[in-house]
Amino acid sequence: MNNITLKVRGAPKNSLIFLDDKLIKIKKDSFSNKMFKGQTSKNEISLKIYKVQELTLKNWWLYEILYFILSIFGLFDYRAKTGFYDVTYEANIKLNADTQLELNFDRKTENAFTVKATNTELNEKENKKEQNLKAKKRFKWTIVCKVLAWILAAVVVCLCLFI
Amino acid sequence: MKVVNLDAIKTKGEITTQSVQKYLVYNNFLNILFSLLTAITVFSIVVVFSYFVVALISFVLALFLFIGLLIITLATLGIVYLTTDIGKAWGWFDPLMERTQAFYQVLDKIYHVLPYLDIACIALCVVSIVLFAKNKLCISKTKIVWLSIFLVVLVACAIFAFLSQGGSK
């Protein structure tokens with residue numbers, strides 16, 4: 001069995017990480033780094049990291065309304081409000097008995113991730129990030145709608161108190 | 001950290017936009033629900049605790065009132081008993097009654113403050129929750145500021161409504 005320890009730093013919220021085409025549930029350590037420890041019988045596996053903008057997906061407005069209501073007017077909405085990046089990272093990793101891989105999210109260059117430390121051979125296929133302008137535009141509209149909803153709620157509360 | 005066996009995880013077909021969306025929606029709902037549930041739990045605990053404090057203050061005041069009345073009654077009875085033979089008891093008793101009434105008035109004033117104490121406790125609860133939300137649920141500073149303004153306005157409205165109601169009486 002080959003072991004793999006994956007550490008991803010600064011990845012955008014709701015990034016999806018696939019190892020060997022399997023979605024892995026990754027946990028955060030005390031420094032908010034995403035950590036994963038796994039083992040497999042294979043000698044080479046694929047690593048895929050995707051970040052998709054939810055505002056560009058199907059029925060986005062419906063989900064936005066539902067999130068807004070459910071999170072009590074967006075108060076408990078934990079999702080990221082900045083950096084509307086579409087991230088794609090694909091690479092093949094050759095495994096050894098104890099493979100260590102540490103990736104850093106790169107905010108300055110066009111590349112999505114940079115390899116900070118590894119003790120194995122890494123074959124990068126795709127490593128890019130680009131800002132999603134459509135999502136950014138839609139986000140501005142959702143902000144306007146949310147502010148209007150807040151004002152409406154304040155008016156309703158005031159009316160309930162005084163009438 | 002637990003070591004996961006990758007071979008044991010089943011592949012759920014190809015990675016498509018639909019499967020990604022499904023996962024994101026599920027994940028978001030789960031996270032929001034978890035945040036909400038945590039906040040509700042903390043809110044309930046803080047509210048119960050605050051009301052417990054208010055109840056405790058009320059209890060202490062009631063106890064104070066009871067002990068005060070007991071002392072006054074005993075003192076009155078004692079005075080009446082001691083002065084019956086002389087026949088001037090009621091002359092001594094009147095100033096005591098006045099003092100008792102004054103004591104009642106003080107207590108009345110204290111009880112009138114209690115609703116404000118309630119409002120303060122609720123505001124304290126909300127502030128605690130906001131602080132908790134900021135630290136644990138990653139709520140931004142802007143939201144905290146807006147929420148604080150909203151709460152201040154709300155509390156001001158509540159106090160104003162309370163005062164105007166009292167004034168009309």
# chains A, B, ... in the order shown; residues from 1 in each chain; ligands from 1
>>> closest_atom_pairs(of="chain A", to="chain B", cutoff="7 Å", atoms="only C-alpha atoms", output="tab-separated table")
residue	atom	partner	partner_atom	distance
A:Asp21	CA	B:Thr11	CA	6.9
A:Lys22	CA	B:Thr11	CA	5.5
A:Lys37	CA	B:Val3	CA	5.0
A:Gly38	CA	B:Val4	CA	4.4
A:Gln39	CA	B:Asn5	CA	5.0
A:Thr40	CA	B:Leu6	CA	5.4
A:Leu57	CA	B:Gln21	CA	7.0
A:Ser71	CA	B:Ile32	CA	6.0
A:Phe76	CA	B:Ile32	CA	6.2
A:Asp77	CA	B:Ile32	CA	6.2
A:Tyr78	CA	B:Cys138	CA	6.5
>>> select_by_dssp(residues="chain A", states="alpha helix (DSSP H)", output="ChimeraX atom specification")
/A:60-70,133-162
>>> write_last_selection(atoms="C-alpha atoms", output="compact mmCIF listing (two decimals), in the first residue's frame")
# COMPACT_ATOMS: atom_id res chain seq x y z
CA TRP A 60 -28.59 29.84 -9.46
CA TRP A 61 -31.22 32.48 -8.57
CA LEU A 62 -33.46 29.87 -6.96
CA TYR A 63 -30.64 28.57 -4.79
CA GLU A 64 -29.59 32.12 -3.90
CA ILE A 65 -33.11 32.89 -2.66
CA LEU A 66 -33.21 29.63 -0.70
CA TYR A 67 -29.78 30.26 0.86
CA PHE A 68 -30.83 33.82 1.70
CA ILE A 69 -34.02 32.74 3.46
CA LEU A 70 -32.46 29.76 5.18
CA LEU A 133 -16.96 38.01 -14.86
CA LYS A 134 -20.46 36.60 -15.27
CA ALA A 135 -20.47 35.45 -11.64
CA LYS A 136 -19.07 38.79 -10.51
CA LYS A 137 -21.83 40.68 -12.32
CA ARG A 138 -24.53 38.40 -10.93
CA PHE A 139 -23.06 38.75 -7.45
CA LYS A 140 -23.49 42.54 -7.64
CA TRP A 141 -27.14 42.05 -8.55
CA THR A 142 -27.68 39.65 -5.64
CA ILE A 143 -26.16 42.27 -3.30
CA VAL A 144 -28.64 44.89 -4.56
CA CYS A 145 -31.54 42.46 -4.06
CA LYS A 146 -30.31 41.54 -0.57
CA VAL A 147 -30.05 45.20 0.49
CA LEU A 148 -33.60 45.79 -0.81
CA ALA A 149 -34.81 42.76 1.14
CA TRP A 150 -33.12 44.10 4.29
CA ILE A 151 -34.77 47.51 3.86
CA LEU A 152 -38.13 45.81 3.33
CA ALA A 153 -37.62 43.74 6.46
CA ALA A 154 -36.71 46.85 8.48
CA VAL A 155 -39.87 48.62 7.24
CA VAL A 156 -42.01 45.59 8.16
CA VAL A 157 -40.44 45.43 11.66
CA CYS A 158 -41.03 49.17 12.20
CA LEU A 159 -44.64 48.85 11.03
CA CYS A 160 -45.19 45.89 13.36
CA LEU A 161 -43.77 47.86 16.28
CA PHE A 162 -45.67 51.10 15.77
>>> select_by_dssp(residues="chain A", states="strand (DSSP E or B)", output="ChimeraX atom specification")
/A:2-9,16-19,22-23,27-28,34-40,44-51,85-94,98-105,113-118,122-131
>>> decode(residues="segment 36-105 of chain A", atoms="C-alpha atoms", output="JSON list (two decimals), in the first residue's frame")
[["chain", "number", "residue", "atom", "x", "y", "z"],
["A", 36, "PHE", "CA", -5.87, 14.60, 3.61],
["A", 37, "LYS", "CA", -4.17, 11.32, 4.40],
["A", 38, "GLY", "CA", -4.95, 8.29, 2.32],
["A", 39, "GLN", "CA", -3.61, 5.01, 1.06],
["A", 40, "THR", "CA", -4.01, 3.08, -2.16],
["A", 41, "SER", "CA", -2.60, 0.05, -3.91],
["A", 42, "LYS", "CA", -2.05, 2.03, -7.13],
["A", 43, "ASN", "CA", 1.33, 3.43, -8.14],
["A", 44, "GLU", "CA", -0.05, 6.46, -9.94],
["A", 45, "ILE", "CA", -3.19, 8.43, -9.26],
["A", 46, "SER", "CA", -4.76, 11.60, -10.59],
["A", 47, "LEU", "CA", -5.35, 14.74, -8.57],
["A", 48, "LYS", "CA", -8.04, 17.16, -9.68],
["A", 49, "ILE", "CA", -9.05, 20.38, -7.96],
["A", 50, "TYR", "CA", -11.99, 22.39, -9.23],
["A", 51, "LYS", "CA", -13.64, 25.55, -8.08],
["A", 52, "VAL", "CA", -16.87, 26.29, -9.87],
["A", 53, "GLN", "CA", -18.78, 29.53, -9.45],
["A", 54, "GLU", "CA", -22.20, 28.71, -8.10],
["A", 55, "LEU", "CA", -23.63, 31.87, -9.64],
["A", 56, "THR", "CA", -23.07, 30.49, -13.13],
["A", 57, "LEU", "CA", -24.74, 27.15, -12.52],
["A", 58, "LYS", "CA", -28.29, 26.15, -13.44],
["A", 59, "ASN", "CA", -31.12, 27.71, -11.33],
["A", 60, "TRP", "CA", -28.59, 29.84, -9.46],
["A", 61, "TRP", "CA", -31.22, 32.48, -8.57],
["A", 62, "LEU", "CA", -33.46, 29.87, -6.96],
["A", 63, "TYR", "CA", -30.64, 28.57, -4.79],
["A", 64, "GLU", "CA", -29.59, 32.12, -3.90],
["A", 65, "ILE", "CA", -33.11, 32.89, -2.66],
["A", 66, "LEU", "CA", -33.21, 29.63, -0.70],
["A", 67, "TYR", "CA", -29.78, 30.26, 0.86],
["A", 68, "PHE", "CA", -30.83, 33.82, 1.70],
["A", 69, "ILE", "CA", -34.02, 32.74, 3.46],
["A", 70, "LEU", "CA", -32.46, 29.76, 5.18],
["A", 71, "SER", "CA", -29.46, 31.71, 6.43],
["A", 72, "ILE", "CA", -31.76, 34.38, 7.98],
["A", 73, "PHE", "CA", -31.27, 37.16, 5.46],
["A", 74, "GLY", "CA", -27.76, 36.06, 4.60],
["A", 75, "LEU", "CA", -26.49, 36.34, 8.14],
["A", 76, "PHE", "CA", -25.27, 32.77, 8.34],
["A", 77, "ASP", "CA", -24.24, 32.59, 4.73],
["A", 78, "TYR", "CA", -20.61, 31.59, 5.05],
["A", 79, "ARG", "CA", -19.78, 31.53, 1.35],
["A", 80, "ALA", "CA", -16.94, 33.58, -0.08],
["A", 81, "LYS", "CA", -17.79, 37.05, -1.34],
["A", 82, "THR", "CA", -14.54, 37.84, -3.13],
["A", 83, "GLY", "CA", -12.28, 36.38, -5.80],
["A", 84, "PHE", "CA", -14.62, 34.92, -8.39],
["A", 85, "TYR", "CA", -12.10, 32.49, -9.79],
["A", 86, "ASP", "CA", -12.80, 29.40, -11.82],
["A", 87, "VAL", "CA", -10.01, 27.06, -10.83],
["A", 88, "THR", "CA", -8.88, 23.96, -12.66],
["A", 89, "TYR", "CA", -5.94, 21.89, -11.53],
["A", 90, "GLU", "CA", -5.19, 18.45, -12.90],
["A", 91, "ALA", "CA", -2.08, 16.40, -12.30],
["A", 92, "ASN", "CA", -0.86, 12.84, -12.10],
["A", 93, "ILE", "CA", 1.08, 11.79, -9.02],
["A", 94, "LYS", "CA", 3.52, 8.91, -8.91],
["A", 95, "LEU", "CA", 3.21, 7.33, -5.52],
["A", 96, "ASN", "CA", 5.86, 5.95, -3.22],
["A", 97, "ALA", "CA", 5.57, 4.44, 0.23],
["A", 98, "ASP", "CA", 5.08, 7.82, 1.86],
["A", 99, "THR", "CA", 4.12, 10.49, -0.66],
["A", 100, "GLN", "CA", 3.98, 14.05, 0.57],
["A", 101, "LEU", "CA", 2.43, 16.83, -1.50],
["A", 102, "GLU", "CA", 1.86, 20.42, -0.48],
["A", 103, "LEU", "CA", 0.07, 22.84, -2.76],
["A", 104, "ASN", "CA", -0.30, 26.59, -2.34],
["A", 105, "PHE", "CA", -3.08, 28.60, -3.97]]
